[in-house]
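With CSV, C-alpha atoms and all ligand atoms inside, this is start22.csv:
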chain,number,residue,atom,x,y,z
I,834,MET,CA,6.9,27.3,-16.5
I,835,ARG,CA,6.6,26.4,-20.2
I,836,PRO,CA,9.6,24.6,-21.7
I,837,THR,CA,9.5,27.2,-24.5
I,838,TYR,CA,10.8,30.6,-23.2
I,839,LEU,CA,12.8,33.6,-24.2
I,840,GLU,CA,16.0,34.3,-22.2
I,841,VAL,CA,16.9,38.0,-22.1
I,842,ASN,CA,20.4,39.0,-21.1
I,843,LEU,CA,20.0,42.4,-19.5
I,844,PRO,CA,23.7,43.2,-18.9
I,845,ARG,CA,24.1,42.8,-22.7
I,846,LEU,CA,21.6,45.6,-23.3
I,847,LYS,CA,23.5,47.8,-20.8
I,848,GLN,CA,26.8,47.1,-22.6
I,849,ASN,CA,25.2,47.8,-26.0
I,850,LEU,CA,24.0,51.2,-24.7
I,851,GLU,CA,27.4,52.0,-23.2
I,852,ASN,CA,29.1,51.2,-26.6
I,853,ILE,CA,26.6,53.4,-28.4
I,854,ARG,CA,27.2,56.2,-25.8
I,855,VAL,CA,31.0,56.1,-26.3
I,856,HIS,CA,30.5,56.2,-30.1
I,857,VAL,CA,28.2,59.2,-30.1
I,858,ALA,CA,29.6,61.3,-27.2
I,859,PRO,CA,28.9,64.0,-26.3
I,860,ALA,CA,25.4,63.4,-27.8
I,861,LYS,CA,22.8,62.0,-25.4
I,862,VAL,CA,21.2,58.6,-25.9
I,863,MET,CA,17.5,57.9,-26.0
I,864,ALA,CA,16.8,54.2,-25.5
I,865,VAL,CA,13.9,53.2,-27.7
I,866,VAL,CA,11.7,50.7,-25.8
I,867,LYS,CA,8.6,50.7,-28.0
I,868,ALA,CA,6.8,47.5,-28.9
I,869,ASN,CA,7.5,45.7,-25.6
I,870,ALA,CA,11.1,46.7,-25.9
I,871,TYR,CA,11.4,45.1,-29.3
I,872,GLY,CA,9.8,42.0,-27.9
I,873,HIS,CA,12.3,41.7,-25.0
I,874,GLY,CA,9.8,42.6,-22.3
I,875,VAL,CA,9.5,46.3,-21.4
I,876,ASP,CA,8.5,45.7,-17.8
I,877,GLU,CA,11.9,44.4,-17.0
I,878,VAL,CA,14.0,46.1,-19.7
I,879,ALA,CA,12.9,49.7,-19.1
I,880,PRO,CA,13.4,49.9,-15.3
I,881,TYR,CA,16.8,48.1,-15.7
I,882,ILE,CA,18.0,50.4,-18.5
I,883,ALA,CA,16.5,53.8,-17.5
I,884,PRO,CA,19.3,54.8,-15.1
I,885,TYR,CA,21.8,54.6,-18.0
I,886,ALA,CA,19.6,56.4,-20.6
I,887,ASP,CA,19.1,60.1,-21.0
I,888,TYR,CA,15.7,59.7,-22.5
I,889,LEU,CA,13.3,56.9,-23.3
I,890,GLY,CA,11.4,56.6,-26.6
I,891,VAL,CA,8.1,54.9,-27.3
I,892,ALA,CA,5.7,54.8,-30.2
I,893,ILE,CA,2.4,55.3,-28.6
I,894,LEU,CA,0.8,57.0,-25.6
I,895,GLU,CA,-0.1,53.8,-23.8
I,896,GLU,CA,3.6,52.7,-23.9
I,897,GLY,CA,4.6,55.9,-22.2
I,898,ILE,CA,1.9,55.6,-19.5
I,899,ARG,CA,3.2,52.0,-18.9
I,900,LEU,CA,6.7,53.3,-18.2
I,901,ARG,CA,5.3,55.8,-15.7
I,902,GLU,CA,3.3,53.0,-14.0
I,903,LEU,CA,6.6,51.1,-13.7
I,904,GLY,CA,7.9,54.1,-11.7
I,905,ILE,CA,10.3,55.4,-14.3
I,906,ASP,CA,11.0,59.1,-13.9
I,907,LYS,CA,13.3,59.7,-16.9
I,908,PRO,CA,11.9,61.9,-19.7
I,909,ILE,CA,9.8,59.9,-22.2
I,910,LEU,CA,9.1,60.9,-25.8
I,911,VAL,CA,6.0,59.5,-27.6
I,912,MET,CA,7.4,59.5,-31.1
I,913,GLY,CA,4.4,58.4,-33.1
I,914,GLY,CA,1.3,60.1,-34.2
I,915,THR,CA,-1.0,61.5,-31.5
I,916,LEU,CA,-4.6,62.7,-31.7
I,917,PRO,CA,-5.6,66.0,-30.0
I,918,GLU,CA,-7.9,64.2,-27.6
I,919,GLN,CA,-4.9,62.2,-26.2
I,920,ILE,CA,-3.1,65.4,-25.1
I,921,PRO,CA,-4.5,65.6,-21.5
I,922,GLN,CA,-2.8,62.3,-20.7
I,923,PHE,CA,0.6,63.8,-21.8
I,924,PHE,CA,0.1,66.3,-19.0
I,925,GLN,CA,-1.2,63.7,-16.5
I,926,TYR,CA,1.8,61.4,-17.1
I,927,ASP,CA,4.5,64.0,-17.9
I,928,LEU,CA,5.2,62.7,-21.3
I,929,THR,CA,6.9,64.6,-24.1
I,930,LEU,CA,4.7,65.2,-27.1
I,931,ALA,CA,5.9,64.9,-30.7
I,932,ALA,CA,4.2,67.8,-32.3
I,933,SER,CA,3.8,66.5,-35.9
I,934,SER,CA,1.4,69.1,-37.2
I,935,LEU,CA,0.5,72.8,-36.5
I,936,ASP,CA,-3.0,71.7,-35.4
I,937,LEU,CA,-1.5,69.4,-32.7
I,938,LEU,CA,0.9,72.0,-31.6
I,939,LEU,CA,-1.8,74.6,-31.2
I,940,ALA,CA,-4.1,72.2,-29.4
I,941,ALA,CA,-1.3,71.5,-27.0
I,942,GLU,CA,-0.6,75.2,-26.4
I,943,GLN,CA,-4.3,75.8,-25.8
I,944,MET,CA,-4.6,73.0,-23.3
I,945,ALA,CA,-1.4,74.2,-21.6
I,946,SER,CA,-2.7,77.7,-21.2
I,947,SER,CA,-6.0,76.6,-19.9
I,948,THR,CA,-4.6,74.1,-17.4
I,949,ARG,CA,-1.6,76.3,-16.5
I,950,LYS,CA,0.6,73.3,-16.7
I,951,ARG,CA,3.8,73.0,-18.9
I,952,LEU,CA,4.2,70.4,-21.5
I,953,LYS,CA,7.4,69.2,-23.1
I,954,VAL,CA,7.2,69.2,-26.9
I,955,HIS,CA,9.5,68.1,-29.6
I,956,LEU,CA,8.7,69.5,-33.1
I,957,LYS,CA,8.6,66.7,-35.7
I,958,ILE,CA,9.9,67.6,-39.1
I,959,ASP,CA,9.3,65.3,-42.1
I,960,THR,CA,12.4,65.5,-44.2
I,961,GLY,CA,11.6,62.5,-46.5
I,962,MET,CA,10.0,59.7,-44.5
I,963,GLU,CA,6.5,60.8,-45.5
I,964,ARG,CA,5.0,59.3,-42.3
I,965,ILE,CA,4.3,62.1,-39.8
I,966,GLY,CA,5.7,65.5,-39.3
I,967,VAL,CA,5.7,68.9,-40.9
I,968,HIS,CA,7.5,69.0,-44.2
I,969,GLU,CA,10.8,70.9,-44.2
I,970,TYR,CA,9.4,73.2,-46.9
I,971,GLU,CA,6.6,74.2,-44.5
I,972,ALA,CA,8.7,74.3,-41.4
I,973,GLU,CA,9.2,78.1,-41.3
I,974,PRO,CA,5.6,79.1,-40.3
I,975,PHE,CA,5.5,76.0,-38.0
I,976,ILE,CA,8.6,77.1,-36.2
I,977,GLU,CA,7.4,80.7,-36.0
I,978,LYS,CA,4.1,79.6,-34.4
I,979,SER,CA,6.0,77.4,-32.0
I,980,LEU,CA,8.1,80.3,-30.8
I,981,ALA,CA,4.9,82.0,-29.8
I,982,CYS,CA,3.6,79.1,-27.8
I,983,SER,CA,4.5,80.6,-24.4
I,984,HIS,CA,2.9,77.8,-22.4
I,985,LEU,CA,4.8,75.0,-24.0
I,986,ASN,CA,8.4,73.9,-23.3
I,987,ILE,CA,9.7,73.4,-26.9
I,988,GLU,CA,12.5,71.2,-25.7
I,989,GLY,CA,13.4,69.4,-28.9
I,990,ILE,CA,13.2,69.2,-32.7
I,991,PHE,CA,13.6,66.0,-34.6
I,992,SER,CA,13.3,64.1,-37.8
I,993,HIS,CA,13.5,60.5,-38.9
I,994,PHE,CA,15.5,58.7,-41.6
I,995,ALA,CA,13.9,56.4,-44.2
I,996,ASN,CA,17.1,54.8,-45.5
I,997,SER,CA,19.9,55.4,-43.1
I,998,GLU,CA,20.9,51.7,-43.0
I,999,ALA,CA,21.2,51.4,-46.8
I,1000,ARG,CA,24.5,51.0,-48.7
I,1001,ASP,CA,23.5,54.0,-50.8
I,1002,LEU,CA,23.2,56.9,-48.5
I,1003,THR,CA,22.1,59.5,-51.1
I,1004,HIS,CA,18.5,59.8,-49.7
I,1005,ALA,CA,19.7,59.8,-46.1
I,1006,LYS,CA,22.1,62.6,-46.8
I,1007,LEU,CA,19.4,64.6,-48.6
I,1008,GLN,CA,17.2,64.2,-45.5
I,1009,LEU,CA,20.1,65.4,-43.3
I,1010,GLU,CA,20.6,68.4,-45.5
I,1011,ARG,CA,16.9,69.3,-45.3
I,1012,PHE,CA,17.0,69.0,-41.5
I,1013,ASN,CA,20.0,71.2,-41.3
I,1014,ASP,CA,18.2,73.8,-43.4
I,1015,VAL,CA,15.3,73.7,-40.9
I,1016,LEU,CA,17.7,74.2,-38.0
I,1017,HIS,CA,19.1,77.3,-39.8
I,1018,ILE,CA,15.7,78.9,-39.7
I,1019,TYR,CA,16.4,79.6,-36.0
I,1020,GLU,CA,19.7,81.2,-36.8
I,1021,LYS,CA,18.2,83.4,-39.5
I,1022,ARG,CA,15.7,84.7,-37.0
I,1023,SER,CA,18.2,84.9,-34.1
I,1024,ALA,CA,15.7,82.7,-32.3
I,1025,PRO,CA,16.9,80.2,-29.7
I,1026,ARG,CA,16.6,76.8,-31.2
I,1027,PRO,CA,15.4,73.8,-29.1
I,1028,PRO,CA,18.2,72.4,-27.0
I,1029,ILE,CA,17.7,68.8,-28.2
I,1030,ARG,CA,18.1,68.2,-31.9
I,1031,HIS,CA,17.8,64.6,-32.9
I,1032,MET,CA,17.5,62.5,-36.0
I,1033,ALA,CA,19.7,59.3,-35.8
I,1034,ASN,CA,18.2,55.9,-35.6
I,1035,SER,CA,20.5,52.8,-35.6
I,1036,GLY,CA,21.4,53.1,-39.2
I,1037,ALA,CA,22.4,56.7,-38.9
I,1038,ILE,CA,24.3,56.1,-35.6
I,1039,LEU,CA,26.4,53.6,-37.6
I,1040,ASN,CA,26.6,55.3,-41.0
I,1041,LEU,CA,26.2,59.0,-40.5
I,1042,PRO,CA,28.1,60.6,-37.6
I,1043,GLU,CA,27.1,64.1,-38.9
I,1044,SER,CA,23.5,63.2,-37.9
I,1045,HIS,CA,24.1,62.6,-34.2
I,1046,PHE,CA,23.4,66.2,-33.2
I,1047,ASP,CA,22.4,66.4,-29.5
I,1048,MET,CA,20.8,63.0,-29.1
I,1049,VAL,CA,20.5,59.7,-30.9
I,1050,ARG,CA,17.6,57.2,-30.8
I,1051,PRO,CA,18.9,53.6,-31.0
I,1052,GLY,CA,16.3,50.9,-31.3
I,1053,VAL,CA,17.4,47.7,-32.9
I,1054,MET,CA,21.1,48.3,-32.2
I,1055,PHE,CA,20.4,48.7,-28.5
I,1056,TYR,CA,19.1,45.2,-28.7
I,1057,GLY,CA,22.3,44.0,-30.2
I,1058,VAL,CA,21.1,43.6,-33.8
I,1059,TYR,CA,22.3,45.5,-36.8
I,1060,PRO,CA,19.8,47.2,-39.0
I,1061,GLY,CA,20.2,45.0,-42.0
I,1062,ARG,CA,23.2,43.6,-43.8
I,1063,ASP,CA,24.5,46.8,-45.4
I,1064,ALA,CA,25.0,49.1,-42.4
I,1065,GLN,CA,28.6,49.7,-41.4
I,1066,ARG,CA,29.4,48.0,-38.1
I,1067,THR,CA,31.1,51.0,-36.5
I,1068,VAL,CA,29.8,50.1,-33.0
I,1069,GLU,CA,30.0,46.6,-31.5
I,1070,VAL,CA,26.8,45.4,-30.1
I,1071,LYS,CA,25.6,41.8,-29.2
I,1072,PRO,CA,22.2,40.2,-29.2
I,1073,ALA,CA,20.5,39.6,-25.8
I,1074,LEU,CA,17.9,37.0,-26.8
I,1075,THR,CA,18.1,33.2,-26.6
I,1076,TRP,CA,14.8,31.5,-27.5
I,1077,ARG,CA,14.8,28.0,-25.9
I,1078,SER,CA,12.5,25.0,-25.9
I,1079,LYS,CA,12.6,21.3,-25.3
I,1080,VAL,CA,11.8,18.2,-27.4
I,1081,VAL,CA,8.3,17.0,-26.3
I,1082,TYR,CA,8.1,14.0,-28.7
I,1083,SER,CA,10.6,11.8,-30.5
I,1084,LYS,CA,9.8,9.1,-33.0
I,1085,ILE,CA,10.9,7.4,-36.3
I,1086,THR,CA,9.0,8.4,-39.4
I,1087,LYS,CA,9.1,6.3,-42.6
I,1088,PRO,CA,8.9,7.3,-46.3
I,1089,GLY,CA,5.3,7.5,-47.5
I,1090,ARG,CA,4.2,9.2,-44.3
I,1091,PRO,CA,4.4,12.9,-44.9
I,1092,VAL,CA,4.9,15.2,-41.9
I,1093,SER,CA,2.3,17.8,-40.8
I,1094,TYR,CA,-0.5,19.8,-42.5
I,1095,GLY,CA,-0.6,19.8,-46.2
I,1096,SER,CA,1.9,16.9,-46.4
I,1097,LEU,CA,4.7,19.2,-47.6
I,1098,TRP,CA,7.6,17.1,-46.6
I,1099,GLN,CA,8.4,13.4,-46.3
I,1100,ALA,CA,11.4,11.4,-45.4
I,1101,GLU,CA,13.4,9.4,-48.0
I,1102,GLY,CA,14.3,6.8,-45.5
I,1103,PRO,CA,13.4,6.1,-41.9
I,1104,VAL,CA,14.5,9.1,-39.9
I,1105,ARG,CA,13.9,10.5,-36.4
I,1106,ILE,CA,11.5,13.3,-36.2
I,1107,VAL,CA,11.2,15.3,-33.0
I,1108,THR,CA,8.4,17.7,-32.0
I,1109,ILE,CA,9.0,21.1,-30.5
I,1110,PRO,CA,6.2,22.8,-28.5
I,1111,CYS,CA,6.4,26.2,-30.2
I,1112,GLY,CA,4.5,27.4,-33.3
I,1113,TYR,CA,3.4,30.4,-35.2
I,1114,ALA,CA,1.1,31.6,-32.4
I,1115,ASP,CA,4.4,32.0,-30.4
I,1116,GLY,CA,5.8,34.1,-33.3
I,1117,TYR,CA,7.7,31.2,-34.9
I,1118,PHE,CA,6.7,32.3,-38.4
I,1119,ARG,CA,4.6,29.8,-40.5
I,1120,ARG,CA,6.4,31.1,-43.5
I,1121,MET,CA,9.7,29.5,-42.3
I,1122,THR,CA,8.2,26.0,-43.1
I,1123,ASN,CA,10.9,23.7,-44.5
I,1124,GLN,CA,13.5,26.5,-44.2
I,1125,ALA,CA,14.2,27.1,-40.5
I,1126,ARG,CA,17.0,25.5,-38.5
I,1127,VAL,CA,17.4,24.8,-34.8
I,1128,VAL,CA,20.3,23.8,-32.6
I,1129,ILE,CA,20.1,20.6,-30.5
I,1130,LYS,CA,23.1,19.6,-28.5
I,1131,GLU,CA,25.3,22.0,-30.5
I,1132,LYS,CA,24.3,20.5,-33.8
I,1133,ILE,CA,22.1,22.3,-36.4
I,1134,TYR,CA,19.0,20.4,-37.7
I,1135,PRO,CA,16.4,21.3,-40.3
I,1136,GLN,CA,12.8,22.1,-39.5
I,1137,VAL,CA,10.5,19.9,-41.7
I,1138,GLY,CA,6.8,19.9,-42.6
I,1139,ARG,CA,4.3,22.8,-42.1
I,1140,ILE,CA,5.0,24.8,-38.9
I,1141,CYS,CA,1.7,24.5,-36.9
I,1142,MET,CA,0.2,27.0,-34.5
I,1143,ASP,CA,1.6,25.5,-31.4
I,1144,GLN,CA,4.2,22.9,-32.5
I,1145,PHE,CA,6.7,22.1,-35.2
I,1146,MET,CA,8.9,19.2,-36.3
I,1147,VAL,CA,12.6,18.8,-36.8
I,1148,ASN,CA,14.5,16.1,-38.7
I,1149,VAL,CA,17.4,14.8,-36.6
I,1150,GLY,CA,18.2,12.0,-39.0
I,1151,ASP,CA,19.9,9.1,-37.2
I,1152,ASP,CA,20.9,11.0,-34.1
I,1153,ASP,CA,19.8,10.1,-30.7
I,1154,VAL,CA,17.6,13.0,-29.7
I,1155,ARG,CA,15.2,12.4,-26.9
I,1156,VAL,CA,12.2,13.9,-25.1
I,1157,GLY,CA,13.5,16.7,-22.8
I,1158,ASP,CA,16.6,17.6,-24.9
I,1159,GLU,CA,17.1,21.3,-25.2
I,1160,VAL,CA,16.4,23.0,-28.5
I,1161,ILE,CA,17.6,26.5,-29.4
I,1162,LEU,CA,15.4,28.5,-31.9
I,1163,LEU,CA,17.3,31.8,-31.7
I,1164,GLY,CA,20.8,32.4,-30.3
I,1165,ASP,CA,23.8,30.0,-30.1
I,1166,GLY,CA,24.7,30.6,-33.8
I,1167,ILE,CA,21.1,31.1,-35.0
I,1168,THR,CA,20.6,34.9,-35.5
I,1169,ALA,CA,17.6,37.2,-35.9
I,1170,GLU,CA,19.0,37.7,-39.4
I,1171,ASP,CA,18.7,34.0,-40.1
I,1172,LEU,CA,15.0,33.9,-39.0
I,1173,ALA,CA,14.3,37.1,-40.9
I,1174,GLU,CA,15.7,35.5,-44.1
I,1175,TRP,CA,13.7,32.3,-43.6
I,1176,ALA,CA,10.6,34.2,-43.0
I,1177,GLY,CA,11.1,36.8,-45.7
I,1178,THR,CA,11.0,39.7,-43.2
I,1179,ASN,CA,13.4,41.8,-41.2
I,1180,GLU,CA,15.1,41.4,-37.8
I,1181,TYR,CA,12.7,43.9,-36.3
I,1182,GLU,CA,9.7,41.9,-37.0
I,1183,VAL,CA,11.3,38.6,-35.9
I,1184,MET,CA,11.9,40.2,-32.4
I,1185,THR,CA,8.7,42.1,-32.0
I,1186,ASN,CA,6.6,39.1,-33.2
I,1187,ILE,CA,7.6,36.8,-30.4
I,1188,SER,CA,4.3,36.6,-28.7
I,1189,ALA,CA,3.2,37.2,-25.1
I,1190,ARG,CA,2.6,33.4,-24.8
I,1191,VAL,CA,6.4,32.9,-24.6
I,1192,PRO,CA,7.5,33.6,-21.0
I,1193,ARG,CA,10.5,36.0,-20.7
I,1194,VAL,CA,13.3,35.0,-18.3
I,1195,PHE,CA,15.8,37.7,-17.4
I,1196,ILE,CA,19.5,37.3,-16.7
I,1197,LYS,CA,20.5,40.3,-14.5
I,1201,LIG,C1,11.6,53.0,-34.0
I,1201,LIG,C2,12.2,54.3,-34.1
I,1201,LIG,C3,13.6,54.5,-33.8
I,1201,LIG,C4,14.5,53.4,-33.6
I,1201,LIG,O1,14.8,52.8,-34.9
I,1201,LIG,P1,16.0,51.7,-35.0
I,1201,LIG,O2,16.1,51.5,-36.5
I,1201,LIG,O3,15.4,50.5,-34.4
I,1201,LIG,O4,17.2,52.2,-34.4
I,1201,LIG,C5,14.0,55.8,-33.8
I,1201,LIG,N1,13.2,56.9,-34.1
I,1201,LIG,C6,11.9,56.7,-34.4
I,1201,LIG,C7,11.0,57.9,-34.7
I,1201,LIG,C8,11.3,55.4,-34.4
I,1201,LIG,O5,10.0,55.3,-34.7

For this file, produce the structure as structure tokens.
Amino acid sequence: MRPTYLEVNLPRLKQNLENIRVHVAPAKVMAVVKANAYGHGVDEVAPYIAPYADYLGVAILEEGIRLRELGIDKPILVMGGTLPEQIPQFFQYDLTLAASSLDLLLAAEQMASSTRKRLKVHLKIDTGMERIGVHEYEAEPFIEKSLACSHLNIEGIFSHFANSEARDLTHAKLQLERFNDVLHIYEKRSAPRPPIRHMANSGAILNLPESHFDMVRPGVMFYGVYPGRDAQRTVEVKPALTWRSKVVYSKITKPGRPVSYGSLWQAEGPVRIVTIPCGYADGYFRRMTNQARVVIKEKIYPQVGRICMDQFMVNVGDDDVRVGDEVILLGDGITAEDLAEWAGTNEYEVMTNISARVPRVFIK
């Protein structure tokens, strides 16, 4: 196997989910496993975690199909936008459709009536994300039509926060109020509302207990990472990833001999420069050039010179670092927050960007 690999601690994920469950009880928990389980490796993560989750959440149809192919029989919500021509596969794989428009809802109802099969549907309400969903101010006719869809199982209704991890929760609270108004439409009409109301992503699980409703949808938190610096840490979770590699080359570099493409860095005196077989094609962002840090034998060292596609260099000064020594790129004191800061992005992108070329090794 490659010396560069990602170690995934599965029991950590289970513990994170348990901690979230205790915090939100009696609400149910949907484990969000989109984007290859936030880079952790869905083929191992999903079957391991499914017995402890009430629902699984994915972004796109293909991710839902993959979970069925893995033999998972828990309910699965495809949360993202869907085209009408994709609906037959929701029947085929028993996936729950996010009905984000009246057209999609009616297309599903029509297909359900002609195939005489039931389809689980969650109505998607846009309360202020402006991504997908029926606006709360147009929800009344949408809900009315949904009540007439006799071939569908309208199991849920949901919305999504745009700012629940922020320090200023004004917009999140406004969204929550709008969602509550939509839920009141059912009461006004004495209509049974869908049994699963859900809205909370990680930020809202931490910051807004009033938003937990019947189910919560933790993504980043389930992976042990907080959604940014400002979210209150009301649930303890721990990261599950350790990104490891090994020194493949070790040499002394002198002043006047700049390191790597573009000659962006050079030593002030003779120093030992070691080479790590990992680069931006593995998801180690090129933008972290001259900013990243790694751990070698429990000491932190700076990355130097342009990060290449497949390799990068580290300045270990006068230390005796040799070929074969272990290098830690993430974990052991180096956090996803650190990488996000060096790369000018967020923790989500750090994790989901670790490419398929990096083998995943699972601790069970
Ligand atoms: C990704 C996603 C989540 C999970 O968000 P986190 O911030 O990672 O907890 C929840 N709901 C929807 C609709 C999503 O797209």

**Study point:** Site check for ligand LIG 1201 (chain I): residues at most 6 Å away, all atoms listed in the file, as a list in words
**Key:** Val865, Met912, His993, Asn1034, Ser1035, Arg1050, Pro1051, Gly1052, Val1053 and Met1054 of chain I

**Study point:** Test item: residues at most 12 Å from region 964-981 of chain I, only C-alpha atoms, excluding those fewer than 4 positions along its chain, as an MDAnalysis selection string
**Key:** chainID I and resid 912:915 931:943 954:960 985:995 1007:1027

**Study point:** Among listed residues I:Val1127, I:Val1081, I:Ile1187, I:Ile1109, nearest Asp1171 (chain I) (using all atoms listed in the file)
**Key:**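 Closest to Asp1171 (chain I), using all atoms listed in the file: I:Val1127.
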
Show me, as a PDB file with C-alpha atoms, in the frame of the given file, the residues that have an atom within 9 Å of Leu1172 (chain I) when counting all atoms listed in the file, minus same-chain residues fewer than 2 positions from it.
ATOM      1  CA  TYR I1117       7.700  31.200 -34.900  1.00  0.00           C
ATOM      2  CA  PHE I1118       6.700  32.300 -38.400  1.00  0.00           C
ATOM      3  CA  MET I1121       9.700  29.500 -42.300  1.00  0.00           C
ATOM      4  CA  ALA I1125      14.200  27.100 -40.500  1.00  0.00           C
ATOM      5  CA  ARG I1126      17.000  25.500 -38.500  1.00  0.00           C
ATOM      6  CA  LEU I1162      15.400  28.500 -31.900  1.00  0.00           C
ATOM      7  CA  LEU I1163      17.300  31.800 -31.700  1.00  0.00           C
ATOM      8  CA  ILE I1167      21.100  31.100 -35.000  1.00  0.00           C
ATOM      9  CA  THR I1168      20.600  34.900 -35.500  1.00  0.00           C
ATOM     10  CA  ALA I1169      17.600  37.200 -35.900  1.00  0.00           C
ATOM     11  CA  GLU I1170      19.000  37.700 -39.400  1.00  0.00           C
ATOM     12  CA  GLU I1174      15.700  35.500 -44.100  1.00  0.00           C
ATOM     13  CA  TRP I1175      13.700  32.300 -43.600  1.00  0.00           C
ATOM     14  CA  ALA I1176      10.600  34.200 -43.000  1.00  0.00           C
ATOM     15  CA  GLY I1177      11.100  36.800 -45.700  1.00  0.00           C
ATOM     16  CA  THR I1178      11.000  39.700 -43.200  1.00  0.00           C
ATOM     17  CA  ASN I1179      13.400  41.800 -41.200  1.00  0.00           C
ATOM     18  CA  GLU I1180      15.100  41.400 -37.800  1.00  0.00           C
ATOM     19  CA  VAL I1183      11.300  38.600 -35.900  1.00  0.00           C
TER      20      VAL I1183
END

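The space separating CA of Glu902 (chain I) from CA of Tyr888 (chain I) comes to 16.5 Å.
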
Practice item. Mind checking which residues fall within 8 Å of Arg1105 (chain I), counting only C-alpha atoms, ignoring those fewer than 3 positions away in the same chain, and posting them as JSON, numbers by chain? Key: {"I": [1083, 1084, 1085, 1086, 1148, 1149, 1150, 1151, 1152]}

Review point. Mind listing as a PyMOL selection string all residues within 6 Å of (9.3, 55.7, -26.4), counting only C-alpha atoms?
Key: chain I and resi 865-867+889-892+909-911

Around region 1029-1042 of chain I, with edges along x, y and z and 6 Å added on all six sides, what centre and edge lengths do you get, in Å to one decimal, as lines of an AutoDock Vina configuration file?
center_x = 22.8
center_y = 60.8
center_z = -34.6
size_x = 22.6
size_y = 28.0
size_z = 24.8

Which residues of region 853-946 of chain I come within 8 Å of region 1190-1195 of chain I, and for each one, what is the closest pair of atoms and their distance in Å to one decimal, counting all atoms listed in the file, sorted by chain and residue number, as a tab-separated table?
residue	atom	partner	partner_atom	distance
I:His873	CA	I:Arg1193	CA	7.4
I:Gly874	CA	I:Arg1193	CA	6.8
I:Glu877	CA	I:Phe1195	CA	7.8

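You can rank I:Glu1159, I:Glu896, I:Asp927, I:Asp1143 by their closest distance to Ser1078 (chain I) using only C-alpha atoms, and at the top of that list sits I:Glu1159.
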
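In this model, the gap between CA of Ile1038 (chain I) and CA of Tyr885 (chain I) comes to 17.8 Å.
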
**Study point:** Counting all atoms listed in the file, the residue of I:Pro880, I:Gly1138, I:Pro921, I:Pro859 that sits nearest Pro1042 (chain I)
**Key:**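 So, comparing all the options, the nearest one is I:Pro859.
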
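Residue nearest Gly1164 (chain I), chosen from I:Tyr838, I:Tyr881, I:Phe1145, I:Trp1076 and counting all atoms listed in the file: I:Trp1076.
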
Practice item. May I ask which of the residues I:Leu1097, I:Ala860, I:Ala1189, I:Ala999 is the closest one to Met1032 (chain I), counting only C-alpha atoms? Key: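 Ranked by minimum distance to Met1032 (chain I), first place goes to I:Ala860.
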
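Among the candidate residues I:Lys1087, I:Lys1197, I:His1045, I:Arg1077, the one lying nearest to Thr837 (chain I) is I:Arg1077, with distances computed using all atoms listed in the file.
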
Practice item. Take CA of Arg1155 (chain I) and CA of Val1080 (chain I) and report the distance between them in Å, one decimal. Key: 6.7 Å

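Around Tyr1094 (chain I), within 12 Å and counting all atoms listed in the file, the residues found are Arg1090, Pro1091, Leu1097, Trp1098, Gln1099, Arg1119, Thr1122, Val1137, Gly1138, Arg1139, Ile1140, Cys1141, Met1142, Gln1144, Phe1145 and Met1146 of chain I, once anything fewer than 3 positions away on its own chain is removed.
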
Can you put N, CA and C atoms back into region 942-951 of chain I and show it as a JSON list (two decimals), in the coordinates of the input?
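This is the output file part.json:
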[["chain", "number", "residue", "atom", "x", "y", "z"],
["I", 942, "GLU", "N", -0.83, 73.86, -27.02],
["I", 942, "GLU", "CA", -0.60, 75.20, -26.40],
["I", 942, "GLU", "C", -1.92, 75.67, -25.74],
["I", 943, "GLN", "N", -3.04, 75.42, -26.39],
["I", 943, "GLN", "CA", -4.30, 75.80, -25.80],
["I", 943, "GLN", "C", -4.58, 75.11, -24.50],
["I", 944, "MET", "N", -4.32, 73.82, -24.50],
["I", 944, "MET", "CA", -4.60, 73.00, -23.30],
["I", 944, "MET", "C", -3.59, 73.46, -22.18],
["I", 945, "ALA", "N", -2.36, 73.77, -22.57],
["I", 945, "ALA", "CA", -1.40, 74.20, -21.60],
["I", 945, "ALA", "C", -1.77, 75.53, -20.96],
["I", 946, "SER", "N", -2.31, 76.42, -21.79],
["I", 946, "SER", "CA", -2.70, 77.70, -21.20],
["I", 946, "SER", "C", -3.90, 77.62, -20.35],
["I", 947, "SER", "N", -4.83, 76.72, -20.68],
["I", 947, "SER", "CA", -6.00, 76.60, -19.90],
["I", 947, "SER", "C", -5.80, 75.82, -18.57],
["I", 948, "THR", "N", -4.86, 74.87, -18.59],
["I", 948, "THR", "CA", -4.60, 74.10, -17.40],
["I", 948, "THR", "C", -3.46, 74.70, -16.56],
["I", 949, "ARG", "N", -2.77, 75.65, -17.14],
["I", 949, "ARG", "CA", -1.60, 76.30, -16.50],
["I", 949, "ARG", "C", -0.54, 75.28, -16.11],
["I", 950, "LYS", "N", -0.43, 74.26, -16.95],
["I", 950, "LYS", "CA", 0.60, 73.30, -16.70],
["I", 950, "LYS", "C", 1.56, 73.33, -17.95],
["I", 951, "ARG", "N", 2.84, 73.06, -17.75],
["I", 951, "ARG", "CA", 3.80, 73.00, -18.90],
["I", 951, "ARG", "C", 3.82, 71.66, -19.47]]
